[in-house]
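S.K.: This is target-v6.txt, which holds compact mmCIF, C-alpha atoms:
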# COMPACT_ATOMS: atom_id res chain seq x y z
CA MET A 1 -16.90 -48.55 19.69
CA LEU A 2 -13.23 -49.55 19.79
CA PHE A 3 -12.80 -47.48 23.00
CA LEU A 4 -15.74 -49.29 24.69
CA LEU A 5 -14.32 -52.67 23.78
CA GLN A 6 -10.92 -51.70 25.13
CA THR A 7 -12.29 -50.36 28.44
CA SER A 8 -14.35 -53.50 28.95
CA GLY A 9 -11.19 -55.59 28.58
CA ALA A 10 -12.31 -57.27 25.36
CA ALA A 11 -9.87 -57.50 22.42
CA PRO A 12 -10.58 -55.14 19.51
CA ASP A 13 -12.55 -56.75 16.73
CA PRO A 14 -10.25 -57.19 13.67
CA ASN A 15 -13.34 -57.26 11.42
CA PHE A 16 -14.18 -53.72 12.53
CA HIS A 17 -10.70 -52.58 11.56
CA LEU A 18 -11.08 -54.25 8.15
CA LEU A 19 -14.49 -52.64 7.67
CA ALA A 20 -13.08 -49.20 8.52
CA LEU A 21 -10.23 -49.76 6.06
CA VAL A 22 -12.53 -50.88 3.24
CA MET A 23 -14.90 -47.95 3.80
CA GLY A 24 -11.97 -45.56 3.90
CA TRP A 25 -10.67 -46.82 0.56
CA ILE A 26 -14.13 -46.67 -1.02
CA VAL A 27 -14.68 -43.06 0.09
CA THR A 28 -11.18 -42.01 -0.97
CA VAL A 29 -11.48 -43.59 -4.42
CA LEU A 30 -14.98 -42.10 -4.85
CA ILE A 31 -13.77 -38.60 -4.00
CA ALA A 32 -10.83 -39.04 -6.39
CA ALA A 33 -13.20 -40.13 -9.17
CA PHE A 34 -15.53 -37.14 -8.62
CA ALA A 35 -12.60 -34.74 -8.51
CA LEU A 36 -11.07 -36.14 -11.70
CA ALA A 37 -14.42 -35.96 -13.48
CA ILE A 38 -14.87 -32.32 -12.48
CA ILE A 39 -11.34 -31.37 -13.54
CA TYR A 40 -11.79 -33.20 -16.86
CA LYS A 41 -15.07 -31.36 -17.52
CA MET A 42 -13.40 -28.04 -16.69
CA ILE A 43 -10.58 -28.72 -19.16
CA LYS A 44 -12.99 -29.92 -21.85
CA GLY A 45 -15.26 -26.91 -21.34
CA ASP A 46 -18.40 -28.70 -20.19
CA ILE A 47 -18.08 -26.80 -16.92
CA ASN A 48 -17.81 -23.25 -18.20
CA LEU A 49 -15.54 -21.07 -16.07
CA MET A 50 -16.00 -17.99 -18.28
CA TYR A 51 -17.95 -16.13 -15.61
CA LEU A 52 -16.12 -17.57 -12.59
CA ILE A 53 -15.25 -14.13 -11.25
CA ALA A 54 -17.95 -12.17 -13.07
CA GLY A 55 -20.49 -10.00 -11.32
CA ALA A 56 -24.15 -9.53 -12.20
CA ASP A 57 -23.21 -7.40 -15.22
CA GLY A 58 -20.95 -10.09 -16.71
CA ASP A 59 -17.72 -8.14 -16.12
CA ALA A 60 -14.97 -9.40 -13.81
CA SER A 61 -15.39 -8.56 -10.13
CA LEU A 62 -12.31 -7.81 -8.03
CA SER A 63 -14.00 -9.04 -4.83
CA ARG A 64 -14.65 -12.44 -6.36
CA PHE A 65 -11.11 -12.57 -7.74
CA GLN A 66 -9.70 -11.83 -4.30
CA PHE A 67 -11.99 -14.45 -2.68
CA LEU A 68 -10.74 -16.99 -5.22
CA ILE A 69 -7.07 -16.17 -4.56
CA PHE A 70 -7.42 -16.37 -0.78
CA THR A 71 -9.38 -19.63 -1.00
CA PHE A 72 -6.67 -21.27 -3.08
CA VAL A 73 -3.84 -19.86 -0.95
CA ILE A 74 -5.37 -21.11 2.30
CA ALA A 75 -6.27 -24.50 0.80
CA LEU A 76 -2.73 -25.00 -0.54
CA GLY A 77 -1.23 -23.74 2.70
CA LEU A 78 -3.36 -26.13 4.73
CA PHE A 79 -2.35 -29.02 2.48
CA LEU A 80 1.37 -28.18 2.88
CA ILE A 81 1.01 -27.96 6.68
CA ILE A 82 -0.85 -31.31 6.85
CA LEU A 83 1.82 -32.95 4.70
CA SER A 84 4.74 -31.57 6.71
CA ALA A 85 3.46 -32.69 10.15
CA LYS A 86 6.16 -34.54 12.11
CA ASP A 87 4.28 -37.73 12.97
CA GLY A 88 2.61 -38.26 9.60
CA PRO A 89 -0.18 -36.23 7.99
CA ALA A 90 -2.19 -34.40 10.64
CA PHE A 91 -4.50 -31.39 10.78
CA PRO A 92 -2.83 -28.39 12.47
CA PRO A 93 -3.94 -27.95 16.11
CA THR A 94 -4.86 -24.29 15.61
CA ILE A 95 -5.47 -21.97 12.70
CA PRO A 96 -4.49 -18.37 13.54
CA GLY A 97 -7.33 -15.91 13.85
CA GLY A 98 -5.62 -13.63 11.34
CA ILE A 99 -6.02 -16.22 8.58
CA LEU A 100 -9.71 -16.62 9.41
CA ALA A 101 -10.06 -12.83 9.47
CA LEU A 102 -8.44 -12.70 6.03
CA LEU A 103 -11.05 -15.06 4.64
CA GLY A 104 -13.78 -13.19 6.51
CA ILE A 105 -12.72 -9.81 5.10
CA SER A 106 -12.59 -11.08 1.53
CA GLY A 107 -15.90 -12.94 1.96
CA GLY A 108 -17.56 -9.91 3.49
CA SER A 109 -16.27 -7.72 0.70
CA TYR A 110 -17.65 -10.17 -1.88
CA VAL A 111 -21.10 -10.14 -0.28
CA THR A 112 -21.10 -6.33 0.06
CA SER A 113 -19.99 -5.93 -3.56
CA LYS A 114 -22.84 -8.19 -4.63
CA ALA A 115 -25.29 -6.06 -2.64
CA VAL A 116 -23.95 -2.87 -4.24
CA ASP A 117 -24.31 -4.40 -7.72
CA ALA A 118 -27.86 -5.58 -6.97
CA ASN A 119 -28.84 -2.14 -5.69
CA ALA A 120 -27.32 -0.39 -8.69
CA SER A 121 -29.15 -2.62 -11.19
CA LYS A 122 -32.54 -2.12 -9.53
CA PRO A 123 -34.86 -0.21 -11.91
CA GLN A 124 -35.59 3.18 -10.46
CA VAL A 125 -39.29 4.02 -10.32
CA VAL A 126 -39.90 7.61 -11.28
CA ILE A 127 -43.37 9.04 -10.63
CA ALA A 128 -44.04 11.69 -13.24
CA PRO A 129 -46.03 14.74 -12.07
CA ALA A 130 -49.61 14.91 -13.33
CA GLN A 131 -49.84 16.88 -16.56
CA PRO A 132 -52.48 19.65 -16.66
CA ALA A 133 -55.29 19.02 -19.13
CA ALA A 134 -54.67 20.52 -22.56
CA PRO A 135 -56.98 23.44 -23.38
CA THR A 136 -59.76 22.49 -25.80
CA THR A 137 -60.73 24.70 -28.74
CA THR A 138 -64.30 24.91 -29.92
CA VAL A 139 -64.73 25.54 -33.62
CA VAL A 140 -68.00 27.11 -34.72
CA VAL A 141 -68.92 26.45 -38.33
CA PRO A 142 -71.23 29.18 -39.66
CA PRO A 143 -74.27 28.02 -41.61
CA PRO A 144 -73.92 28.10 -45.42
CA ALA A 145 -74.92 31.44 -47.05
CA GLY A 146 -77.85 31.55 -49.50
CA GLY A 147 -81.35 30.15 -49.54
CA GLN A 148 -82.41 27.56 -47.13
CA MET B 149 -4.17 -47.73 7.20
CA THR B 150 -0.94 -45.75 6.74
CA THR B 151 -1.11 -46.36 2.99
CA LEU B 152 -4.70 -45.11 2.92
CA ILE B 153 -3.79 -41.94 4.85
CA THR B 154 -0.85 -41.22 2.57
CA PHE B 155 -2.94 -41.92 -0.54
CA ALA B 156 -5.74 -39.62 0.68
CA THR B 157 -3.30 -36.85 1.56
CA TYR B 158 -1.63 -36.89 -1.84
CA GLU B 159 -4.97 -37.23 -3.59
CA ILE B 160 -6.30 -34.02 -1.96
CA GLY B 161 -3.06 -32.24 -2.76
CA ILE B 162 -3.15 -33.29 -6.40
CA VAL B 163 -6.82 -32.26 -6.71
CA VAL B 164 -6.19 -28.80 -5.23
CA CYS B 165 -3.09 -28.25 -7.38
CA ALA B 166 -4.89 -29.47 -10.51
CA LEU B 167 -7.83 -27.12 -9.85
CA ALA B 168 -5.45 -24.22 -9.32
CA ALA B 169 -3.56 -25.10 -12.52
CA VAL B 170 -6.78 -25.28 -14.57
CA VAL B 171 -7.97 -21.92 -13.24
CA VAL B 172 -4.60 -20.21 -13.83
CA PHE B 173 -4.36 -21.67 -17.36
CA GLN B 174 -7.85 -20.47 -18.23
CA PHE B 175 -7.04 -17.01 -16.85
CA LEU B 176 -3.98 -16.81 -19.08
CA THR B 177 -5.75 -18.08 -22.21
CA GLY B 178 -8.76 -15.80 -21.73
CA ARG B 179 -11.30 -18.53 -21.14
CA ILE B 180 -12.13 -16.83 -17.83
CA ASN B 181 -13.50 -13.35 -18.40
CA THR B 182 -11.31 -10.67 -16.80
CA ARG B 183 -12.85 -7.73 -18.66
CA GLY B 184 -13.27 -4.73 -16.39
CA LEU B 185 -11.32 -6.23 -13.48
CA LEU B 186 -9.45 -2.98 -12.83
CA SER B 187 -11.89 -0.52 -14.44
CA GLU B 188 -14.38 1.77 -12.80
CA LYS B 189 -17.90 0.49 -13.25
CA THR B 190 -20.73 2.97 -13.58
CA LYS B 191 -24.30 2.83 -14.85
CA ALA B 192 -23.00 4.19 -18.15
CA GLY B 193 -20.48 1.33 -18.57
CA LEU B 194 -16.80 0.64 -17.95
CA GLY B 195 -14.61 3.57 -17.08
CA PRO B 196 -10.85 4.11 -16.79
CA VAL B 197 -8.52 2.04 -14.61
CA SER B 198 -9.32 2.64 -10.95
CA ALA B 199 -6.52 3.38 -8.47
CA ALA B 200 -8.53 1.81 -5.62
CA ARG B 201 -8.85 -1.45 -7.56
CA VAL B 202 -5.14 -1.52 -8.44
CA GLN B 203 -4.30 -0.91 -4.78
CA LEU B 204 -6.62 -3.70 -3.63
CA LEU B 205 -5.17 -6.10 -6.22
CA LEU B 206 -1.61 -5.34 -5.12
CA PHE B 207 -2.53 -5.83 -1.45
CA THR B 208 -4.23 -9.12 -2.27
CA LEU B 209 -1.22 -10.45 -4.17
CA ALA B 210 1.17 -9.26 -1.44
CA PHE B 211 -0.83 -11.02 1.28
CA ALA B 212 -1.14 -14.19 -0.79
CA ILE B 213 2.61 -14.37 -1.47
CA TYR B 214 3.39 -13.60 2.19
CA VAL B 215 1.09 -16.33 3.56
CA LEU B 216 2.35 -18.95 1.09
CA SER B 217 6.02 -18.12 1.67
CA GLU B 218 5.57 -18.33 5.46
CA VAL B 219 3.83 -21.70 5.14
CA VAL B 220 6.63 -23.07 2.95
CA LYS B 221 9.34 -21.70 5.31
CA LYS B 222 7.86 -22.50 8.73
CA HIS B 223 5.25 -25.21 7.94
CA GLN B 224 2.56 -23.24 9.76
CA PHE B 225 0.19 -20.39 9.05
CA PRO B 226 1.67 -17.00 9.98
CA GLU B 227 0.23 -14.80 12.70
CA ILE B 228 -1.09 -11.78 10.83
CA GLU B 229 -0.88 -8.63 12.91
CA THR B 230 -4.00 -6.57 13.46
CA LYS B 231 -2.51 -3.50 11.75
CA TRP B 232 -2.20 -5.41 8.45
CA LEU B 233 -5.82 -6.58 8.73
CA ILE B 234 -6.90 -2.99 9.40
CA LEU B 235 -4.93 -1.91 6.33
CA LEU B 236 -6.64 -4.56 4.22
CA GLY B 237 -10.03 -3.64 5.65
CA GLY B 238 -9.37 0.02 4.89
CA SER B 239 -8.41 -0.79 1.33
CA HIS B 240 -11.64 -2.76 0.95
CA SER B 241 -13.65 0.13 2.39
CA ILE B 242 -12.18 2.56 -0.13
CA TYR B 243 -12.87 0.15 -3.00
CA LEU B 244 -16.45 -0.61 -1.92
CA GLY B 245 -17.19 3.00 -1.03
CA GLY B 246 -16.01 4.22 -4.43
CA LYS B 247 -17.97 1.47 -6.17
CA GLY B 248 -21.15 2.40 -4.32
CA VAL B 249 -20.81 6.11 -5.03
CA LEU B 250 -20.03 5.63 -8.74
CA SER B 251 -22.91 3.23 -9.27
CA LEU B 252 -25.31 5.71 -7.67
CA LEU B 253 -24.03 8.77 -9.53
CA GLY B 254 -23.84 7.04 -12.92
CA LEU B 255 -20.79 8.99 -14.11
CA PRO B 256 -19.91 8.79 -17.85
CA PRO B 257 -17.40 6.06 -18.87
CA ASN B 258 -14.47 8.42 -19.54
CA PRO B 259 -14.60 11.86 -17.93
CA SER B 260 -11.58 12.99 -20.02
CA GLN B 261 -13.70 12.73 -23.17
CA GLU B 262 -16.39 15.04 -21.85
CA GLY B 263 -15.17 18.09 -23.81
CA GLU B 264 -14.84 16.34 -27.22
Please render this file's structure as structure tokens.

M.R.:
Amino acid sequence: MLFLLQTSGAAPDPNFHLLALVMGWIVTVLIAAFALAIIYKMIKGDINLMYLIAGADGDASLSRFQFLIFTFVIALGLFLIILSAKDGPAFPPTIPGGILALLGISGGSYVTSKAVDANASKPQVVIAPAQPAAPTTTVVVPPPAGGQ
Amino acid sequence: MTTLITFATYEIGIVVCALAAVVVFQFLTGRINTRGLLSEKTKAGLGPVSAARVQLLLFTLAFAIYVLSEVVKKHQFPEIETKWLILLGGSHSIYLGGKGVLSLLGLPPNPSQEGE
């Protein structure tokens, strides 16, 4: 909208700039509040992280652990790069394919590990062979001896 | 606007660092379950420590430290050569292949105790 106003020769509307600033502050403060609430609940224990890296069986999964490590490393790395940009905070122009491949490999391994766990826990249906009929025995009781 | 940008940048950084700190603290205090992280898993239960899992863990930590140190030094993500990605992929294949085979075979938890 600002670009259209500028190309038409009209001066940029200061109210628009103020609106953008107010909305930016509202969104930023809201995100900060949500984040603080989540971190507080994690510390208090309301958000239980006991099974954060657990698989279907409840034991820790190395794929999930690796996915967690790479996620944090790339998030922290991205934050450091944004902060250290020369002309103020700015998103890096390119992210190397190797970094994306790293995330892709760990994500793919996590999904494959989940599939292996799901397949292993599937109950196996065993069809028992039909049992032959047990032989029957006929018992003949003789009539009682003596007069009838 | 500059104040807002700076505030937002530091806010995201503090949130990410706080999340990481909470997770690391809960790992160290045992509030996050790490039982069986390096053990073989079979249908019969947890087995001995697996070499494939130890190898994968060491590779993961090595890559993580390398990426973070390059970012701190050069303020940009490093270019990771294809051979290192192939190495990581191979390590994953060994880990997942072993996991799949063991879960299908259902080997006993500790083969060394078979003769007791």

S.K.: Residues of chain B were defined as contacting chain A if any atom lay at most 6 Å from it, counting all atoms listed in the file; please report them as a list in words.

M.R.: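 So the residues of chain B near chain A are Arg179, Ile180, Asn181, Thr182, Arg183, Gly184, Leu185, Val219, His223, Gln224, Glu227, Ile228, Gly248 and Ser251 of chain B.
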
S.K.: I'd like the interatomic distance between atom CA of Leu209 of chain B and atom CA of Leu252 of chain B, to a tenth of an Å.

M.R.: 29.2 Å

S.K.: Provide an axis-aligned box for all listed atoms of segment 245-250 of chain B, padding each side by 8 Å; report its centre and its edge lengths in Å to one decimal, as AutoDock Vina command-line options.

M.R.:
--center_x -18.6 --center_y 3.8 --center_z -4.9 --size_x 21.1 --size_y 20.6 --size_z 23.7

S.K.: Just to confirm, what's the straight-line distance from atom CA of Ser239 of chain B to atom CA of Thr208 of chain B in Å (one decimal)?

M.R.: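 Rounded to one decimal, the two atoms are 10.0 Å apart.
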
S.K.: In Å, with one decimal, what is the gap from atom CA of Gln203 of chain B to atom CA of Glu229 of chain B?

M.R.: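 Separating atom CA of Gln203 of chain B from atom CA of Glu229 of chain B is a distance of 19.6 Å.
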